[in-house]
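> Contents of run.cif (mmCIF, C-alpha atoms and all ligand atoms) are given next:
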```
data_data
#
loop_
_atom_site.label_atom_id
_atom_site.label_comp_id
_atom_site.auth_asym_id
_atom_site.auth_seq_id
_atom_site.Cartn_x
_atom_site.Cartn_y
_atom_site.Cartn_z
CA MET A 155 139.59 121.65 93.02
CA THR A 156 136.93 121.02 90.41
CA GLY A 157 135.27 117.64 90.58
CA PRO A 158 135.31 115.29 87.59
CA ASP A 159 131.65 116.09 87.00
CA GLY A 160 132.51 119.75 86.60
CA THR A 161 130.93 120.86 89.86
CA ARG A 162 133.00 122.39 92.58
CA PRO A 163 132.93 120.71 95.99
CA PRO A 164 132.21 123.30 98.67
CA ALA A 165 134.93 125.07 100.54
CA GLY A 166 135.65 124.07 104.12
CA GLY A 167 137.08 120.60 103.73
CA GLN A 168 135.53 117.18 103.43
CA PRO A 169 131.77 116.68 103.61
CA PRO A 170 130.68 114.81 106.74
CA SER A 171 131.22 111.05 106.77
CA PHE A 172 128.47 108.47 107.26
CA HIS A 173 129.33 108.33 110.95
CA THR A 174 129.10 112.11 111.39
CA MET A 175 125.86 112.41 109.42
CA TRP A 176 124.32 109.58 111.41
CA ALA A 177 125.28 111.23 114.70
CA GLU A 178 123.86 114.58 113.57
CA LEU A 179 120.51 113.11 112.63
CA ALA A 180 120.25 110.77 115.65
CA PRO A 181 118.69 113.21 118.18
CA VAL A 182 116.16 114.72 115.74
CA GLY A 183 112.61 113.73 116.72
CA ARG A 184 113.68 111.12 119.25
CA HIS A 185 111.29 110.87 122.16
CA PRO A 186 113.19 110.97 125.46
CA ALA A 187 110.93 108.48 127.25
CA SER A 188 110.50 105.79 124.59
CA GLY A 189 113.78 106.25 122.75
CA GLY A 190 111.74 105.92 119.55
CA TYR A 191 111.43 108.42 116.71
CA ARG A 192 108.36 110.59 116.12
CA ARG A 193 109.28 112.22 112.84
CA HIS A 194 105.75 112.58 111.51
CA ALA A 195 104.94 114.43 108.31
CA TRP A 196 104.87 118.22 108.45
CA THR A 197 105.76 118.42 112.16
CA GLY A 198 108.69 120.25 113.75
CA ALA A 199 110.80 117.07 113.76
CA ASP A 200 110.05 116.60 110.05
CA ALA A 201 111.08 120.20 109.39
CA ASP A 202 114.37 119.60 111.25
CA CYS A 203 115.03 116.51 109.11
CA ARG A 204 114.30 118.55 105.98
CA THR A 205 116.67 121.30 107.08
CA TRP A 206 119.35 118.67 107.65
CA PHE A 207 118.77 117.31 104.11
CA GLN A 208 119.07 120.78 102.58
CA GLU A 209 122.28 121.44 104.52
CA GLN A 210 123.77 118.15 103.28
CA ALA A 211 122.90 119.10 99.70
CA GLU A 212 124.41 122.55 100.04
CA ALA A 213 127.52 121.26 101.84
CA ARG A 214 128.24 119.20 98.71
CA GLY A 215 127.48 121.94 96.21
CA LEU A 216 124.39 120.08 94.93
CA THR A 217 121.38 121.86 93.43
CA TYR A 218 118.63 121.71 96.04
CA GLU A 219 114.90 121.82 95.26
CA THR A 220 111.56 120.65 96.58
CA ASP A 221 109.02 119.34 94.08
CA ARG A 222 105.31 120.20 93.95
CA ASN A 223 104.55 117.38 96.42
CA GLY A 224 107.08 118.42 99.04
CA ASN A 225 109.67 115.76 98.21
CA GLN A 226 113.25 117.01 98.52
CA TRP A 227 115.87 116.64 95.76
CA ALA A 228 119.62 117.25 95.68
CA TRP A 229 121.06 117.23 92.15
CA LEU A 230 124.52 116.62 90.83
CA GLY A 231 124.32 117.68 87.20
CA ASP A 232 121.32 119.15 85.39
CA PRO A 233 117.99 118.69 87.24
CA LEU A 234 116.28 118.99 83.86
CA GLY A 235 118.63 116.49 82.19
CA GLU A 236 117.37 113.18 80.83
CA ASP A 237 117.90 109.63 82.08
CA ALA A 238 118.81 110.63 85.64
CA VAL A 239 119.91 108.10 88.22
CA VAL A 240 118.08 108.78 91.49
CA THR A 241 118.71 107.34 94.93
CA GLY A 242 117.27 108.10 98.34
CA SER A 243 114.52 107.07 100.73
CA HIS A 244 112.57 108.87 103.47
CA LEU A 245 113.32 110.62 106.76
CA ASP A 246 109.92 110.35 108.46
CA SER A 247 109.06 107.60 110.95
CA VAL A 248 106.22 105.56 112.38
CA PRO A 249 105.24 106.43 115.98
CA ASP A 250 108.22 105.46 118.14
CA GLY A 251 109.99 104.04 115.12
CA GLY A 252 113.62 103.04 114.79
CA ALA A 253 116.54 105.12 113.57
CA PHE A 254 117.21 103.16 110.37
CA ASP A 255 113.92 102.74 108.50
CA GLY A 256 114.24 105.52 105.93
CA PRO A 257 117.19 107.62 107.17
CA LEU A 258 119.67 104.81 106.42
CA GLY A 259 118.83 105.18 102.72
CA VAL A 260 119.15 108.97 102.70
CA VAL A 261 122.37 109.12 104.74
CA SER A 262 123.86 106.28 102.68
CA SER A 263 123.02 108.16 99.47
CA PHE A 264 125.03 111.22 100.53
CA ALA A 265 127.85 108.97 101.79
CA ALA A 266 127.85 107.02 98.49
CA LEU A 267 128.17 110.27 96.55
CA ASP A 268 131.13 111.23 98.77
CA GLU A 269 132.68 107.84 98.04
CA LEU A 270 132.26 108.34 94.27
CA ARG A 271 133.91 111.76 94.49
CA ARG A 272 136.72 110.18 96.46
CA ARG A 273 137.11 107.60 93.68
CA GLY A 274 137.33 110.49 91.20
CA VAL A 275 134.81 109.04 88.76
CA GLY A 276 133.12 111.10 86.04
CA PHE A 277 129.34 111.20 85.74
CA ARG A 278 127.64 110.72 82.38
CA ARG A 279 124.07 110.91 83.75
CA PRO A 280 122.52 113.38 86.20
CA LEU A 281 122.41 112.03 89.75
CA ALA A 282 119.88 112.98 92.40
CA ILE A 283 119.35 112.18 96.07
CA THR A 284 115.76 112.35 97.34
CA ASN A 285 113.81 112.44 100.56
CA PHE A 286 110.24 111.37 99.84
CA GLY A 287 107.71 113.04 102.13
CA ASP A 288 105.31 111.22 104.44
CA GLU A 289 106.37 107.67 103.54
CA GLU A 290 105.12 106.05 106.72
CA GLY A 291 101.70 107.66 106.76
CA ALA A 292 101.93 107.86 110.56
CA ARG A 293 100.00 111.11 110.77
CA PHE A 294 97.37 110.89 108.02
CA GLY A 295 96.95 107.12 107.81
CA LEU A 296 98.08 106.67 104.21
CA ALA A 297 101.60 105.48 103.42
CA CYS A 298 103.86 106.89 100.68
CA VAL A 299 101.87 110.12 100.16
CA GLY A 300 104.78 111.98 98.50
CA SER A 301 105.59 109.25 95.99
CA ARG A 302 101.93 108.33 95.41
CA LEU A 303 101.08 111.94 94.51
CA THR A 304 104.08 112.18 92.20
CA ALA A 305 103.23 108.90 90.47
CA GLY A 306 99.56 109.84 90.10
CA GLN A 307 98.44 107.07 92.45
CA LEU A 308 96.81 109.55 94.84
CA THR A 309 94.73 112.45 93.56
CA LYS A 310 94.97 115.98 94.91
CA GLU A 311 91.30 115.76 95.93
CA ALA A 312 91.80 112.53 97.89
CA ALA A 313 94.95 113.93 99.52
CA HIS A 314 93.06 117.07 100.54
CA ARG A 315 90.53 114.91 102.37
CA LEU A 316 93.20 113.34 104.62
CA ARG A 317 92.93 114.32 108.30
CA ASP A 318 95.20 113.55 111.24
CA GLY A 319 94.01 112.39 114.66
CA ASP A 320 93.46 115.99 115.78
CA GLY A 321 91.33 116.85 112.74
CA VAL A 322 94.09 118.84 111.00
CA SER A 323 93.87 118.37 107.24
CA LEU A 324 96.86 117.58 105.06
CA PRO A 325 96.58 120.96 103.26
CA GLN A 326 96.55 122.77 106.62
CA ALA A 327 99.60 120.82 107.80
CA MET A 328 101.51 121.44 104.56
CA GLU A 329 100.69 125.12 104.60
CA ALA A 330 101.80 125.46 108.23
CA ALA A 331 105.12 123.87 107.22
CA GLY A 332 105.55 126.42 104.42
CA TYR A 333 104.52 124.26 101.44
CA ASP A 334 101.76 124.93 98.91
CA PRO A 335 99.01 122.29 99.16
CA GLU A 336 97.31 123.60 96.00
CA ALA A 337 100.35 122.64 93.93
CA ILE A 338 100.27 118.92 94.76
CA GLY A 339 99.52 116.33 92.11
CA PRO A 340 101.03 114.06 89.49
CA ASP A 341 104.47 114.96 88.19
CA PRO A 342 104.92 112.86 85.04
CA GLU A 343 107.53 115.21 83.51
CA ARG A 344 109.79 114.71 86.53
CA LEU A 345 109.34 110.94 86.47
CA ALA A 346 110.01 110.86 82.72
CA ARG A 347 113.47 112.31 83.34
CA ILE A 348 114.39 109.47 85.71
CA GLY A 349 116.15 106.52 84.10
CA ALA A 350 116.57 104.51 87.32
CA PHE A 351 115.61 104.81 90.98
CA VAL A 352 117.56 102.81 93.57
CA GLU A 353 116.42 102.84 97.21
CA LEU A 354 118.68 101.48 99.93
CA HIS A 355 116.74 100.40 103.03
CA VAL A 356 117.35 98.55 106.27
CA GLU A 357 115.94 95.04 105.97
CA GLN A 358 112.75 94.58 107.97
CA GLY A 359 113.19 90.87 108.47
CA ARG A 360 116.01 88.39 109.10
CA ALA A 361 116.69 86.98 105.63
CA LEU A 362 120.17 88.53 105.40
CA ASP A 363 121.01 87.52 108.95
CA LEU A 364 120.13 83.96 108.02
CA THR A 365 122.21 83.98 104.81
CA GLY A 366 125.11 85.76 106.54
CA ASP A 367 125.21 88.67 104.06
CA ALA A 368 125.51 92.37 104.85
CA VAL A 369 123.65 93.51 101.71
CA GLY A 370 120.91 92.08 99.49
CA ILE A 371 118.94 93.04 96.38
CA ALA A 372 115.13 93.15 96.41
CA SER A 373 113.27 90.87 94.04
CA ALA A 374 109.72 91.93 94.81
CA ILE A 375 107.39 93.44 97.36
CA TRP A 376 104.83 90.87 98.40
CA PRO A 377 101.17 91.51 97.60
CA HIS A 378 99.35 92.54 100.77
CA GLY A 379 95.94 93.59 101.97
CA ARG A 380 93.73 94.44 104.92
CA TRP A 381 90.38 92.85 105.68
CA ARG A 382 87.85 93.90 108.33
CA TYR A 383 86.01 91.09 110.09
CA ASP A 384 82.76 92.05 111.88
CA PHE A 385 81.57 89.33 114.25
CA HIS A 386 78.04 90.13 115.47
CA GLY A 387 76.81 88.19 118.51
CA GLU A 388 74.49 88.94 121.39
CA ALA A 389 75.40 91.09 124.37
CA ASN A 390 74.50 89.43 127.64
CA HIS A 391 75.46 89.07 131.28
CA ALA A 392 78.85 87.43 131.86
CA GLY A 393 77.66 85.92 135.14
CA THR A 394 74.17 84.63 134.42
CA THR A 395 74.21 83.51 130.79
CA ARG A 396 74.78 79.76 130.45
CA LEU A 397 77.70 78.92 128.12
CA ALA A 398 75.34 76.87 125.94
CA ASP A 399 73.03 79.87 125.49
CA ARG A 400 75.71 82.34 124.41
CA ARG A 401 76.29 83.85 120.99
CA ASP A 402 79.78 85.09 121.83
CA PRO A 403 81.61 86.78 118.94
CA MET A 404 84.87 86.86 120.94
CA LEU A 405 84.95 83.08 120.74
CA THR A 406 84.55 83.16 116.96
CA TYR A 407 87.17 85.88 116.72
CA ALA A 408 89.60 83.78 118.79
CA GLU A 409 89.09 80.74 116.54
CA THR A 410 89.67 83.00 113.52
CA VAL A 411 92.98 84.27 114.91
CA LEU A 412 94.13 80.67 115.35
CA ALA A 413 92.96 79.83 111.83
CA ALA A 414 94.93 82.79 110.46
CA ARG A 415 98.08 81.53 112.13
CA ARG A 416 97.48 78.00 110.84
CA GLU A 417 96.73 79.02 107.24
CA ALA A 418 99.72 81.37 107.10
CA GLU A 419 102.05 78.70 108.50
CA LEU A 420 100.84 76.13 105.99
CA ALA A 421 101.43 78.51 103.07
CA GLY A 422 104.69 80.14 104.19
CA ALA A 423 102.86 83.48 104.33
CA VAL A 424 102.06 85.88 107.17
CA ALA A 425 98.69 86.81 108.65
CA THR A 426 98.11 89.12 111.60
CA PHE A 427 95.13 90.35 113.58
CA GLY A 428 96.79 93.40 115.14
CA LYS A 429 93.81 95.64 115.81
CA ILE A 430 90.48 94.92 117.45
CA ALA A 431 87.38 96.87 118.56
CA VAL A 432 84.87 95.40 121.00
CA GLU A 433 81.34 96.51 121.89
CA PRO A 434 80.21 97.15 124.53
CA ASN A 435 83.78 96.49 125.76
CA GLY A 436 82.83 95.69 129.34
CA VAL A 437 84.59 93.22 131.61
CA ASN A 438 81.34 91.64 132.72
CA ALA A 439 79.53 91.62 129.37
CA ILE A 440 79.54 89.13 126.54
CA PRO A 441 80.32 91.31 123.51
CA SER A 442 77.71 92.18 120.92
CA LEU A 443 80.35 92.96 118.33
CA VAL A 444 83.99 92.10 117.82
CA ARG A 445 85.64 93.85 114.90
CA GLY A 446 89.09 92.59 113.96
CA TRP A 447 91.43 93.69 111.19
CA LEU A 448 93.41 91.08 109.30
CA ASP A 449 96.67 92.02 107.58
CA SER A 450 97.99 89.28 105.31
CA ARG A 451 100.92 89.09 102.90
CA ALA A 452 102.48 86.36 100.78
CA ALA A 453 105.14 85.96 98.12
CA ASP A 454 102.59 85.68 95.32
CA GLN A 455 98.95 86.43 94.62
CA ALA A 456 97.78 82.80 94.44
CA THR A 457 99.28 82.00 97.85
CA LEU A 458 97.76 85.11 99.40
CA ASP A 459 94.35 84.25 97.90
CA THR A 460 94.58 80.73 99.37
CA VAL A 461 95.51 82.01 102.83
CA VAL A 462 92.82 84.68 102.92
CA ALA A 463 90.14 82.29 101.61
CA GLY A 464 91.16 79.66 104.17
CA ILE A 465 90.90 82.13 107.05
CA GLU A 466 87.53 83.39 105.85
CA ALA A 467 86.14 79.84 105.44
CA ALA A 468 87.28 78.90 108.94
CA ALA A 469 85.73 82.08 110.35
CA HIS A 470 82.38 81.40 108.64
CA GLU A 471 82.41 77.80 109.85
CA ALA A 472 83.05 78.88 113.45
CA ALA A 473 80.47 81.68 113.19
CA ALA A 474 77.78 79.24 112.00
CA ARG A 475 78.58 76.86 114.85
CA GLN A 476 78.40 79.61 117.46
CA GLY A 477 75.35 81.51 116.20
CA VAL A 478 77.44 84.54 115.24
CA ASP A 479 76.87 86.64 112.11
CA LEU A 480 80.00 87.45 110.17
CA THR A 481 80.75 89.99 107.44
CA VAL A 482 84.18 90.38 105.85
CA VAL A 483 85.17 93.51 103.91
CA ARG A 484 88.45 94.01 102.06
CA GLU A 485 89.58 97.52 103.01
CA SER A 486 92.73 97.79 100.95
CA PHE A 487 94.88 95.74 98.62
CA THR A 488 98.28 96.25 97.00
CA PRO A 489 99.27 93.79 94.27
CA VAL A 490 102.73 92.30 94.01
CA VAL A 491 105.51 94.68 92.92
CA GLU A 492 108.12 92.88 90.82
CA PHE A 493 111.15 95.12 90.54
CA GLU A 494 112.32 95.52 86.96
CA HIS A 495 114.35 92.47 86.06
CA ALA A 496 116.82 94.27 83.78
CA LEU A 497 117.79 96.78 86.48
CA ARG A 498 117.84 94.11 89.17
CA ASP A 499 120.13 91.94 87.04
CA GLU A 500 122.34 94.95 86.35
CA LEU A 501 122.69 95.54 90.10
CA ALA A 502 123.56 91.88 90.63
CA LYS A 503 126.19 92.14 87.87
CA ILE A 504 127.68 95.33 89.31
CA LEU A 505 127.87 93.73 92.76
CA GLY A 506 129.54 90.70 91.25
CA GLY A 507 126.79 88.22 92.04
CA ARG A 508 127.94 88.26 95.66
CA VAL A 509 124.60 89.38 97.10
CA PRO A 510 121.39 87.42 97.64
CA VAL A 511 118.12 88.44 95.99
CA LEU A 512 115.16 88.48 98.34
CA GLY A 513 111.51 89.46 98.55
CA THR A 514 109.98 91.61 101.26
CA GLY A 515 106.63 91.97 102.95
CA ALA A 516 107.05 95.72 103.59
CA GLY A 517 105.92 98.56 101.32
CA HIS A 518 108.29 101.30 100.07
CA ASP A 519 108.39 104.43 97.88
CA ALA A 520 110.36 102.28 95.43
CA GLY A 521 107.31 100.04 95.12
CA ILE A 522 105.11 103.03 94.28
CA LEU A 523 107.57 104.44 91.73
CA SER A 524 108.12 101.05 90.10
CA ALA A 525 104.90 101.55 88.14
CA SER A 526 106.46 104.59 86.40
CA VAL A 527 110.24 104.20 86.58
CA PRO A 528 112.77 101.32 86.46
CA THR A 529 113.30 100.74 90.16
CA ALA A 530 115.52 98.59 92.37
CA MET A 531 116.25 98.23 96.08
CA LEU A 532 119.21 97.30 98.23
CA PHE A 533 118.68 95.93 101.73
CA VAL A 534 121.14 96.19 104.63
CA ARG A 535 121.21 93.42 107.24
CA ASN A 536 119.14 93.88 110.39
CA PRO A 537 120.41 91.25 112.83
CA THR A 538 117.19 90.96 114.81
CA GLY A 539 114.79 91.73 111.97
CA VAL A 540 112.97 94.10 114.34
CA SER A 541 111.62 97.21 112.63
CA HIS A 542 109.12 99.98 113.39
CA SER A 543 110.52 99.88 116.93
CA PRO A 544 113.32 101.62 118.84
CA ALA A 545 115.08 98.21 118.84
CA GLU A 546 115.58 98.38 115.05
CA HIS A 547 119.29 98.04 114.34
CA ALA A 548 122.03 97.63 111.77
CA ALA A 549 125.73 97.32 112.62
CA GLU A 550 127.92 100.21 111.47
CA ASP A 551 130.12 97.81 109.45
CA ASP A 552 127.02 96.66 107.57
CA CYS A 553 125.91 100.26 107.03
CA VAL A 554 129.32 101.01 105.51
CA ALA A 555 129.04 97.88 103.34
CA GLY A 556 125.67 99.25 102.20
CA VAL A 557 127.23 102.63 101.34
CA LEU A 558 129.96 100.93 99.29
CA ALA A 559 127.44 98.70 97.50
CA LEU A 560 125.28 101.72 96.70
CA ALA A 561 128.36 103.60 95.47
CA ASP A 562 129.24 100.64 93.22
CA VAL A 563 125.69 100.59 91.86
CA LEU A 564 125.60 104.34 91.24
CA GLU A 565 129.02 104.22 89.62
CA GLY A 566 127.91 101.36 87.37
CA LEU A 567 124.71 103.15 86.37
CA ALA A 568 125.77 106.80 86.19
CA CYS A 569 129.52 106.90 85.56
CA GLY A 570 132.11 105.85 83.06
ZN ZN A 601 110.97 102.77 105.13
#
```
Taking this structure as input, can you express it in the form of C-alpha cells?
Ligand SMILES: [Zn+2]

Amino acid sequence: MTGPDGTRPPAGGQPPSFHTMWAELAPVGRHPASGGYRRHAWTGADADCRTWFQEQAEARGLTYETDRNGNQWAWLGDPLGEDAVVTGSHLDSVPDGGAFDGPLGVVSSFAALDELRRRGVGFRRPLAITNFGDEEGARFGLACVGSRLTAGQLTKEAAHRLRDGDGVSLPQAMEAAGYDPEAIGPDPERLARIGAFVELHVEQGRALDLTGDAVGIASAIWPHGRWRYDFHGEANHAGTTRLADRRDPMLTYAETVLAARREAELAGAVATFGKIAVEPNGVNAIPSLVRGWLDSRAADQATLDTVVAGIEAAAHEAAARQGVDLTVVRESFTPVVEFEHALRDELAKILGGRVPVLGTGAGHDAGILSASVPTAMLFVRNPTGVSHSPAEHAAEDDCVAGVLALADVLEGLACG
C-alpha cells in the first residue's frame, strides 16, 4: 500500500508501537548498579542509541541522514524541500539520568508519525524527526552542542577546544565514533528550510501535576546563569583559634546559601549552591578559601537581577562583618527564551485550548533553535517532577496522550 504522502511504508507489517520502541531503548546505556542512564556523547551507548534511531527511520521508509554536526534526521518527503515541519529531541543523558529526558521526545515523534499514517492524512510540507547530538553536555561540559553548532552559537574552534574528564577532545571523540570533526559548524541553509520545530519533552517540574493535565505547551525558558563566589579567609588551627579571632570563609558561605534561599523564595525564583571547593579542605583546619557556584533562574530578567543582586549584597555584608574577602564572577548567562507566540498560539488552537501554557527553568535544543527557527515545545506530565535522576517518570497513559497531542500538532502544521 502506498501512503497518502506517496512514500511506501516498509514491508513486514506495522512499525513498532510506542510501547515496543520504549522497551527496545530501555536497556541501552543503563548502568546496572545505579539504574540510571549513561548515554554520553560519542560513547558506545550513544552509538547504540544512534543505531536504534537509524533503524526506526528505515523501518518506516524515511530518508535517513546525519548533518555536518552529527545530528540525526529522518525525513518524510524531500529533505531539501522548503518550510519543513521538524520534531524530535535528544537521546543522550546526564550521568545516571532518567529514561524520559530526551528519549520521550524522539520515541513520541516516531509514534506520532505512525499515528498520522494510521489516520491516513496527506502531508503538504516535508516532515522530519531529529536526534540532536550531545544535548546534555555530560561529557564535555557544554550543553546543546549539536544544536548550538548548527545555529552558529558555538564556533568550530571553540568546539574543538572542548575536552572530557579524561582529556579526550571533542574532535577525537567524534572521529572515534565515525564522524568528521572538521565538517562541524553553522548550517544556516538547513535551518532556513525549517518552517517550524516542535520538541516534546518530559516536564522537569510539577506544574502539570498541580494543574492535573497530561500535556502542556511551553511559554518560555527562564533566563538563567551561573556565578562563582570566592570567599577568601585565613587558614588556621580548628582547635586553638578563638572564634573571635577567626576569618572563616565557610561561615560567610553558609550565610550566603541562606540568603540565596531567602531571596529566591521572596521572588518566586530558584537559587542553588550545588557545587563547592574548599582549601585546604582539612577536617581540623579553618578554610583559607571557599569557592561556591550559584545557579539562579527566574521567570523574567528583572526578577533574576533582583535575586542575584540581593544574594550578592548579603554575601558582601556578611563578608565585611567576618573579615572575609569576596569576589563574584558571572561564569555564564542565558537570556530568556520566549517561544514564538504565533506558533505557540497555533499549537493551543490545534489542541483546542485544553492544555495549560507554562514556563520552564530547564534549557533545551528548542531554546537554542528558537533564535533561528519558529519553535515550540510540548511537555508531558512528570508526577514527581524529579528529573536528571533514575527516579524520573511519566505514566504510560500520559506518554500516549503526549503522542496524540504531538500527532494533532504535526497534522495541524504539516497536513491537509
Ligand atoms: Zn532534555
> Counting all atoms listed in the file, which residues of chain A fall within 7 Å of ligand ZN 601 (chain A), and what is the closest atom pair for each with its distance in Å at one decimal, ordered by chain and rising number, as CSV?

```
residue,atom,partner,partner_atom,distance
A:His244,CA,A:ZN601,ZN,6.5
A:Asp255,CA,A:ZN601,ZN,4.5
A:Gly256,CA,A:ZN601,ZN,4.3
A:Glu289,CA,A:ZN601,ZN,6.9
A:Glu290,CA,A:ZN601,ZN,6.9
A:His355,CA,A:ZN601,ZN,6.6
A:His518,CA,A:ZN601,ZN,5.9
```
> I want to know what sits within 7 Å of Val261 of chain A, based on all atoms listed in the file, with residues of the same chain fewer than 6 positions away left out; could you give that as a ChimeraX atom specification?
/A:172,175-176
> Nearest to Ala211 of chain A among A:Ala425, A:Leu364, A:Ala282, A:Leu179, with distances taken over only C-alpha atoms: which residue is it?
A:Ala282
> Which protein, DNA or RNA residues are at most 12 Å from (82.6, 77.6, 112.7) in the file's coordinates when you count all atoms listed in the file, listed as a list in words?
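Protein, DNA and RNA residues close to (82.6, 77.6, 112.7): Phe385, Pro403, Leu405, Thr406, Tyr407, Ala408, Glu409, Thr410, Ala413, Ile465, Glu466, Ala467, Ala468, Ala469, His470, Glu471, Ala472, Ala473, Ala474, Arg475, Gln476, Gly477, Val478, Asp479 and Leu480 of chain A.
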> Would you kindly return, as an NGL selection string, each protein, DNA or RNA residue with an atom no farther than 9 Å from any atom of Trp196 of chain A, considering only C-alpha atoms and excluding same-chain residues fewer than 2 positions away?
:A and (193-194 or 198-201 or 287-288 or 293 or 324 or 327-331)
> If you keep C-alpha atoms, can you produce a file of those selected residues as a compact mmCIF listing (two decimals), in the frame of the given file?

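Just written: again18.txt:
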```
# COMPACT_ATOMS: atom_id res chain seq x y z
CA ARG A 193 109.28 112.22 112.84
CA HIS A 194 105.75 112.58 111.51
CA GLY A 198 108.69 120.25 113.75
CA ALA A 199 110.80 117.07 113.76
CA ASP A 200 110.05 116.60 110.05
CA ALA A 201 111.08 120.20 109.39
CA GLY A 287 107.71 113.04 102.13
CA ASP A 288 105.31 111.22 104.44
CA ARG A 293 100.00 111.11 110.77
CA LEU A 324 96.86 117.58 105.06
CA ALA A 327 99.60 120.82 107.80
CA MET A 328 101.51 121.44 104.56
CA GLU A 329 100.69 125.12 104.60
CA ALA A 330 101.80 125.46 108.23
CA ALA A 331 105.12 123.87 107.22
```
> From the list A:Glu419, A:Gly464, A:Asp399, A:Ala389, which residue is nearest Leu443 of chain A when using all atoms listed in the file?
A:Ala389
> What lies within 10 Å of Ile504 of chain A using only C-alpha atoms, ignoring chain neighbours under 4 positions off, as JSON, numbers by chain?
{"A": [498, 499, 500, 508, 559, 562, 563, 564, 565, 566, 567]}
> Go through A:Ala265, A:His542, A:Arg344, A:Val490 and flag the residue nearest Asp246 of chain A, using all atoms listed in the file for the distances.
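Selected residue with least distance to Asp246 of chain A: A:His542.
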> Which residue is closest to Val483 of chain A? Choose from A:Gly321, A:Gly379, A:Gly556, A:Pro537 and count only C-alpha atoms.
A:Gly379
> Counting only C-alpha atoms, figure out which residue out of A:Leu270, A:Ala463, A:Leu216, A:Ala414 gets nearest to Asp449 of chain A.
A:Ala414
> Might you pull out every residue within 10 Å of Ser541 of chain A, with all atoms listed in the file counted and same-chain residues fewer than 3 positions away left off, and present them as a ChimeraX atom specification?
/A:248,251-255,356-359,536,538,544-547
> Using all atoms listed in the file, which protein or nucleic acid residues come within 10 Å of Arg451 of chain A? Drop anything in the same chain fewer than 6 positions from it, and give the result as a list in words.
Ile375, Trp376, Pro377, His378, Gly379, Arg380, Ala418, Gly422, Ala423, Val424, Ala425, Thr426, Thr457, Leu458, Asp459, Val461, Val462, Phe487, Thr488, Pro489, Val490, Thr514, Gly515 and Ala516 of chain A
> Please indicate the distance in Å from atom CA of His386 of chain A to atom CA of Gly428 of chain A, rounded to one decimal place.
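About the pair atom CA of His386 of chain A and atom CA of Gly428 of chain A: they are 19.0 Å apart.
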> Find, counting all atoms listed in the file, the residue in A:Arg535, A:His185, A:His173, A:Arg272 that gets nearest to Val369 of chain A.
A:Arg535
> Enter the distance from atom CA of Trp229 of chain A to atom CA of Val511 of chain A, in Å, rounded to one decimal.
29.2 Å
> Rounded to one decimal place, report the atom CA of Ala374 of chain A-atom CA of Val509 of chain A distance in Å.
15.3 Å
> Would you compute, for all listed atoms of segment 322-338 of chain A, the axis-aligned bounding box grown by 6 Å on each side, and then report its centre and edge lengths in Å rounded to one decimal, as AutoDock Vina command-line options?

```
--center_x 99.7 --center_y 122.0 --center_z 102.5 --size_x 23.7 --size_y 20.8 --size_z 29.1
```
